file upload-v4.cif (mmCIF, C-alpha atoms)
data_query
#
loop_
_atom_site.label_atom_id
_atom_site.label_comp_id
_atom_site.auth_asym_id
_atom_site.auth_seq_id
_atom_site.Cartn_x
_atom_site.Cartn_y
_atom_site.Cartn_z
CA MET A 22 3.85 -6.36 6.46
CA LEU A 23 2.44 -4.87 9.64
CA SER A 24 0.05 -6.76 11.85
CA GLY A 25 -3.56 -6.49 10.73
CA PHE A 26 -2.59 -6.57 7.07
CA HIS A 27 -2.74 -9.73 4.98
CA GLU A 28 -1.98 -10.92 1.49
CA ILE A 29 -4.51 -10.24 -1.25
CA LEU A 30 -4.35 -11.31 -4.89
CA LEU A 31 -5.26 -8.69 -7.49
CA ARG A 32 -4.57 -8.17 -11.16
CA ASP A 33 -3.67 -4.52 -11.58
CA GLU A 34 -1.16 -2.10 -13.07
CA MET A 35 1.99 -1.90 -10.94
CA TYR A 36 3.99 1.18 -10.14
CA PHE A 37 7.59 0.75 -9.07
CA VAL A 38 8.70 3.17 -6.40
CA ARG A 39 11.61 3.58 -4.03
CA VAL A 40 11.00 4.63 -0.46
CA ASP A 41 13.37 5.68 2.30
CA ALA A 42 13.11 2.58 4.49
CA ASP A 43 14.43 4.41 7.56
CA SER A 44 11.66 7.03 7.59
CA THR A 45 8.81 5.14 5.95
CA THR A 46 6.35 2.58 7.26
CA ARG A 47 5.83 0.13 4.41
CA LEU A 48 2.30 -1.28 4.54
CA LEU A 49 2.05 -3.34 1.35
CA GLU A 50 4.50 -4.97 -1.03
CA THR A 51 3.61 -6.11 -4.54
CA HIS A 52 5.14 -9.06 -6.30
CA SER A 53 4.96 -10.11 -9.92
CA PRO A 54 6.68 -13.18 -11.40
CA ASP A 55 7.50 -11.11 -14.49
CA TYR A 56 8.60 -7.80 -12.94
CA GLY A 57 9.67 -8.43 -9.36
CA GLY A 58 8.47 -6.51 -6.33
CA SER A 59 7.89 -2.99 -5.11
CA THR A 60 6.38 -1.11 -2.19
CA ALA A 61 2.72 -0.47 -3.01
CA ALA A 62 1.47 1.27 0.14
CA TRP A 63 3.38 3.29 2.68
CA ALA A 64 3.01 6.04 5.24
CA HIS A 65 5.34 8.51 6.88
CA GLU A 66 5.42 11.79 8.71
CA CYS A 67 5.85 14.79 6.47
CA ARG A 68 6.66 18.10 8.17
CA ALA A 69 3.70 18.79 10.48
CA GLY A 70 1.45 16.16 8.87
CA ARG A 71 1.36 12.61 7.60
CA ALA A 72 1.45 11.12 4.12
CA PHE A 73 -0.19 7.89 2.97
CA CYS A 74 0.33 6.48 -0.50
CA PHE A 75 -1.53 3.49 -1.91
CA THR A 76 -0.68 2.72 -5.54
CA PRO A 77 -3.01 -0.21 -6.44
CA GLY A 78 -6.49 0.49 -7.76
CA HIS A 79 -6.47 1.21 -11.49
CA ARG A 80 -9.07 -1.30 -12.64
CA PRO A 81 -12.78 -1.36 -11.72
CA GLU A 82 -12.48 -4.97 -10.52
CA VAL A 83 -9.79 -3.92 -8.04
CA LEU A 84 -11.73 -0.92 -6.75
CA GLN A 85 -14.77 -3.13 -6.13
CA ASP A 86 -12.83 -5.91 -4.37
CA LYS A 87 -13.82 -6.17 -0.67
CA ALA A 88 -10.33 -7.20 0.46
CA TYR A 89 -8.82 -4.23 -1.42
CA ARG A 90 -11.24 -1.80 0.22
CA LYS A 91 -10.54 -3.26 3.65
CA LEU A 92 -6.79 -2.94 3.13
CA LEU A 93 -7.16 0.67 1.96
CA ALA A 94 -9.29 1.53 5.01
CA LYS A 95 -6.74 -0.06 7.36
CA GLY A 96 -3.96 1.94 5.74
CA LEU A 97 -5.86 5.19 6.22
CA LEU A 98 -6.50 4.35 9.86
CA ARG A 99 -2.85 3.40 10.34
CA VAL A 100 -1.57 6.74 9.06
CA GLN A 101 -3.74 8.50 11.63
CA ARG A 102 -1.74 6.72 14.35
CA LEU A 103 1.79 7.38 13.09
#
call {"tool": "encode", "arguments": {"input": "upload-v4.cif", "output": "structure tokens"}}
result
Amino acid sequence: MLSGFHEILLRDEMYFVRVDADSTTRLLETHSPDYGGSTAAWAHECRAGRAFCFTPGHRPEVLQDKAYRKLLAKGLLRVQRL
């Protein structure tokens, strides 16, 4: 993970995605003892703009979690600086 980001524990639906590690800044990794891990938040330049993807946040408890909201805000700020 990048500096300024830290581990949070959430119970949520996981999406499994593949990213091009050479052109993508991975911001968050998910890990499940049953299903393994995946990139859950990433950012990269896309033509003349920037893309930010953040896959967690499918349950009301997750959306209301202060640590989740802080992590999402940091990711949005990070993509502005790519």
call {"tool": "closest_residue", "arguments": {"input": "upload-v4.cif", "among": "A:Lys87, A:His65, A:Phe75, A:Phe37", "to": "Leu49 (chain A)", "atoms": "all atoms listed in the file"}}
result
A:Phe75
call {"tool": "atom_distance", "arguments": {"input": "upload-v4.cif", "atom1": "CA of Gly78 (chain A)", "atom2": "CA of Leu92 (chain A)"}}
result
11.4 Å
call {"tool": "closest_residue", "arguments": {"input": "upload-v4.cif", "among": "A:Arg71, A:Ala94, A:Glu50, A:Pro77", "to": "Met35 (chain A)", "atoms": "all atoms listed in the file"}}
result
A:Pro77
call {"tool": "closest_residue", "arguments": {"input": "upload-v4.cif", "among": "A:Leu98, A:His52, A:Ala64, A:Cys74", "to": "Glu34 (chain A)", "atoms": "all atoms listed in the file"}}
result
A:His52
call {"tool": "closest_residue", "arguments": {"input": "upload-v4.cif", "among": "A:Ala42, A:Arg68, A:Tyr36, A:Leu84", "to": "Tyr56 (chain A)", "atoms": "all atoms listed in the file"}}
result
A:Tyr36
call {"tool": "resolve_selection", "arguments": {"input": "upload-v4.cif", "expression": "the PyMOL selection byres ((chain A and resi 47) around 7)", "output": "PyMOL selection string"}}
result
chain A and resi 45-46+48-49+60+62-64
call {"tool": "write_last_selection", "arguments": {"input": "upload-v4.cif", "atoms": "C-alpha atoms", "output": "PDB file, in the coordinates of the input"}}
result
ATOM      1  CA  THR A  45       8.810   5.140   5.950  1.00  0.00           C
ATOM      2  CA  THR A  46       6.350   2.580   7.260  1.00  0.00           C
ATOM      3  CA  LEU A  48       2.300  -1.280   4.540  1.00  0.00           C
ATOM      4  CA  LEU A  49       2.050  -3.340   1.350  1.00  0.00           C
ATOM      5  CA  THR A  60       6.380  -1.110  -2.190  1.00  0.00           C
ATOM      6  CA  ALA A  62       1.470   1.270   0.140  1.00  0.00           C
ATOM      7  CA  TRP A  63       3.380   3.290   2.680  1.00  0.00           C
ATOM      8  CA  ALA A  64       3.010   6.040   5.240  1.00  0.00           C
TER       9      ALA A  64
END
call {"tool": "residues_near_point", "arguments": {"input": "upload-v4.cif", "point": "(-8.1, -3.3, 3.8)", "cutoff": "10 Å", "atoms": "only C-alpha atoms", "output": "number ranges by chain"}}
result
A: 25-27, 29, 86-98
call {"tool": "write_last_selection", "arguments": {"input": "upload-v4.cif", "atoms": "C-alpha atoms", "output": "PDB file, keeping the file's coordinate frame"}}
result
ATOM      1  CA  GLY A  25      -3.560  -6.490  10.730  1.00  0.00           C
ATOM      2  CA  PHE A  26      -2.590  -6.570   7.070  1.00  0.00           C
ATOM      3  CA  HIS A  27      -2.740  -9.730   4.980  1.00  0.00           C
ATOM      4  CA  ILE A  29      -4.510 -10.240  -1.250  1.00  0.00           C
ATOM      5  CA  ASP A  86     -12.830  -5.910  -4.370  1.00  0.00           C
ATOM      6  CA  LYS A  87     -13.820  -6.170  -0.670  1.00  0.00           C
ATOM      7  CA  ALA A  88     -10.330  -7.200   0.460  1.00  0.00           C
ATOM      8  CA  TYR A  89      -8.820  -4.230  -1.420  1.00  0.00           C
ATOM      9  CA  ARG A  90     -11.240  -1.800   0.220  1.00  0.00           C
ATOM     10  CA  LYS A  91     -10.540  -3.260   3.650  1.00  0.00           C
ATOM     11  CA  LEU A  92      -6.790  -2.940   3.130  1.00  0.00           C
ATOM     12  CA  LEU A  93      -7.160   0.670   1.960  1.00  0.00           C
ATOM     13  CA  ALA A  94      -9.290   1.530   5.010  1.00  0.00           C
ATOM     14  CA  LYS A  95      -6.740  -0.060   7.360  1.00  0.00           C
ATOM     15  CA  GLY A  96      -3.960   1.940   5.740  1.00  0.00           C
ATOM     16  CA  LEU A  97      -5.860   5.190   6.220  1.00  0.00           C
ATOM     17  CA  LEU A  98      -6.500   4.350   9.860  1.00  0.00           C
TER      18      LEU A  98
END
call {"tool": "atom_distance", "arguments": {"input": "upload-v4.cif", "atom1": "CA of Val38 (chain A)", "atom2": "CA of Gly58 (chain A)"}}
result
9.7 Å
call {"tool": "atom_distance", "arguments": {"input": "upload-v4.cif", "atom1": "CA of Leu31 (chain A)", "atom2": "CA of Glu82 (chain A)"}}
result
8.7 Å
call {"tool": "decode", "arguments": {"input": "upload-v4.cif", "residues": "region 46-83 of chain A", "atoms": "N, CA and C atoms", "output": "JSON list (two decimals), in the first residue's frame"}}
result
[["chain", "number", "residue", "atom", "x", "y", "z"],
["A", 46, "THR", "N", -1.53, 2.33, -10.29],
["A", 46, "THR", "CA", -1.15, 2.53, -8.90],
["A", 46, "THR", "C", -2.19, 1.81, -8.04],
["A", 47, "ARG", "N", -1.77, 0.72, -7.42],
["A", 47, "ARG", "CA", -2.68, -0.04, -6.56],
["A", 47, "ARG", "C", -2.73, 0.61, -5.19],
["A", 48, "LEU", "N", -3.93, 0.96, -4.74],
["A", 48, "LEU", "CA", -4.11, 1.68, -3.49],
["A", 48, "LEU", "C", -4.60, 0.80, -2.35],
["A", 49, "LEU", "N", -5.30, -0.27, -2.67],
["A", 49, "LEU", "CA", -5.88, -1.12, -1.63],
["A", 49, "LEU", "C", -5.96, -2.55, -2.13],
["A", 50, "GLU", "N", -5.54, -3.47, -1.29],
["A", 50, "GLU", "CA", -5.65, -4.90, -1.58],
["A", 50, "GLU", "C", -6.63, -5.51, -0.58],
["A", 51, "THR", "N", -7.45, -6.45, -1.05],
["A", 51, "THR", "CA", -8.35, -7.17, -0.15],
["A", 51, "THR", "C", -7.83, -8.58, 0.05],
["A", 52, "HIS", "N", -8.14, -9.11, 1.20],
["A", 52, "HIS", "CA", -7.73, -10.48, 1.52],
["A", 52, "HIS", "C", -8.85, -11.19, 2.26],
["A", 53, "SER", "N", -9.13, -12.39, 1.85],
["A", 53, "SER", "CA", -10.14, -13.22, 2.48],
["A", 53, "SER", "C", -9.53, -14.59, 2.71],
["A", 54, "PRO", "N", -9.71, -15.17, 3.91],
["A", 54, "PRO", "CA", -9.16, -16.51, 4.15],
["A", 54, "PRO", "C", -9.80, -17.57, 3.24],
["A", 55, "ASP", "N", -11.01, -17.31, 2.78],
["A", 55, "ASP", "CA", -11.71, -18.29, 1.94],
["A", 55, "ASP", "C", -11.44, -18.12, 0.45],
["A", 56, "TYR", "N", -11.18, -16.87, 0.01],
["A", 56, "TYR", "CA", -11.11, -16.61, -1.43],
["A", 56, "TYR", "C", -9.79, -16.01, -1.92],
["A", 57, "GLY", "N", -8.89, -15.69, -1.03],
["A", 57, "GLY", "CA", -7.62, -15.11, -1.45],
["A", 57, "GLY", "C", -7.67, -13.59, -1.51],
["A", 58, "GLY", "N", -6.86, -13.00, -2.37],
["A", 58, "GLY", "CA", -6.76, -11.56, -2.42],
["A", 58, "GLY", "C", -7.01, -10.99, -3.80],
["A", 59, "SER", "N", -7.21, -9.69, -3.83],
["A", 59, "SER", "CA", -7.44, -8.98, -5.08],
["A", 59, "SER", "C", -7.17, -7.50, -4.86],
["A", 60, "THR", "N", -6.93, -6.78, -5.92],
["A", 60, "THR", "CA", -6.81, -5.32, -5.84],
["A", 60, "THR", "C", -8.20, -4.75, -5.70],
["A", 61, "ALA", "N", -8.41, -3.89, -4.70],
["A", 61, "ALA", "CA", -9.74, -3.34, -4.44],
["A", 61, "ALA", "C", -9.85, -1.85, -4.75],
["A", 62, "ALA", "N", -8.72, -1.16, -4.85],
["A", 62, "ALA", "CA", -8.74, 0.25, -5.23],
["A", 62, "ALA", "C", -7.49, 0.54, -6.02],
["A", 63, "TRP", "N", -7.64, 1.26, -7.12],
["A", 63, "TRP", "CA", -6.49, 1.58, -7.94],
["A", 63, "TRP", "C", -6.76, 2.85, -8.72],
["A", 64, "ALA", "N", -5.69, 3.42, -9.25],
["A", 64, "ALA", "CA", -5.79, 4.63, -10.05],
["A", 64, "ALA", "C", -4.76, 4.55, -11.17],
["A", 65, "HIS", "N", -5.09, 5.16, -12.30],
["A", 65, "HIS", "CA", -4.11, 5.26, -13.37],
["A", 65, "HIS", "C", -4.53, 6.35, -14.36],
["A", 66, "GLU", "N", -3.58, 6.77, -15.15],
["A", 66, "GLU", "CA", -3.89, 7.75, -16.18],
["A", 66, "GLU", "C", -4.59, 7.05, -17.33],
["A", 67, "CYS", "N", -5.54, 7.74, -17.90],
["A", 67, "CYS", "CA", -6.36, 7.16, -18.96],
["A", 67, "CYS", "C", -6.56, 8.24, -20.04],
["A", 68, "ARG", "N", -5.83, 8.11, -21.11],
["A", 68, "ARG", "CA", -5.82, 9.12, -22.18],
["A", 68, "ARG", "C", -5.46, 10.47, -21.58],
["A", 69, "ALA", "N", -6.35, 11.45, -21.69],
["A", 69, "ALA", "CA", -6.05, 12.79, -21.18],
["A", 69, "ALA", "C", -6.54, 12.98, -19.74],
["A", 70, "GLY", "N", -7.05, 11.94, -19.12],
["A", 70, "GLY", "CA", -7.60, 12.06, -17.77],
["A", 70, "GLY", "C", -7.03, 11.02, -16.82],
["A", 71, "ARG", "N", -7.72, 10.83, -15.73],
["A", 71, "ARG", "CA", -7.32, 9.86, -14.72],
["A", 71, "ARG", "C", -8.52, 9.01, -14.34],
["A", 72, "ALA", "N", -8.26, 7.78, -13.97],
["A", 72, "ALA", "CA", -9.31, 6.86, -13.53],
["A", 72, "ALA", "C", -9.01, 6.42, -12.10],
["A", 73, "PHE", "N", -10.06, 6.32, -11.30],
["A", 73, "PHE", "CA", -9.95, 5.83, -9.93],
["A", 73, "PHE", "C", -11.06, 4.82, -9.74],
["A", 74, "CYS", "N", -10.73, 3.63, -9.28],
["A", 74, "CYS", "CA", -11.72, 2.60, -9.03],
["A", 74, "CYS", "C", -11.59, 2.13, -7.59],
["A", 75, "PHE", "N", -12.71, 2.03, -6.91],
["A", 75, "PHE", "CA", -12.77, 1.63, -5.51],
["A", 75, "PHE", "C", -13.91, 0.64, -5.40],
["A", 76, "THR", "N", -13.62, -0.66, -5.28],
["A", 76, "THR", "CA", -14.69, -1.65, -5.34],
["A", 76, "THR", "C", -15.44, -1.92, -4.04],
["A", 77, "PRO", "N", -14.86, -1.72, -2.83],
["A", 77, "PRO", "CA", -15.65, -1.98, -1.63],
["A", 77, "PRO", "C", -16.77, -0.95, -1.44],
["A", 78, "GLY", "N", -17.79, -1.34, -0.71],
["A", 78, "GLY", "CA", -18.86, -0.41, -0.37],
["A", 78, "GLY", "C", -20.22, -0.87, -0.84],
["A", 79, "HIS", "N", -20.59, -2.12, -0.57],
["A", 79, "HIS", "CA", -21.86, -2.66, -1.02],
["A", 79, "HIS", "C", -22.87, -2.81, 0.11],
["A", 80, "ARG", "N", -22.42, -2.64, 1.34],
["A", 80, "ARG", "CA", -23.31, -2.81, 2.48],
["A", 80, "ARG", "C", -23.41, -1.48, 3.23],
["A", 81, "PRO", "N", -24.58, -1.16, 3.79],
["A", 81, "PRO", "CA", -24.73, 0.10, 4.52],
["A", 81, "PRO", "C", -23.71, 0.28, 5.64],
["A", 82, "GLU", "N", -23.35, -0.82, 6.33],
["A", 82, "GLU", "CA", -22.39, -0.72, 7.42],
["A", 82, "GLU", "C", -21.03, -0.26, 6.90],
["A", 83, "VAL", "N", -20.66, -0.69, 5.70],
["A", 83, "VAL", "CA", -19.39, -0.30, 5.11],
["A", 83, "VAL", "C", -19.43, 1.17, 4.72]]
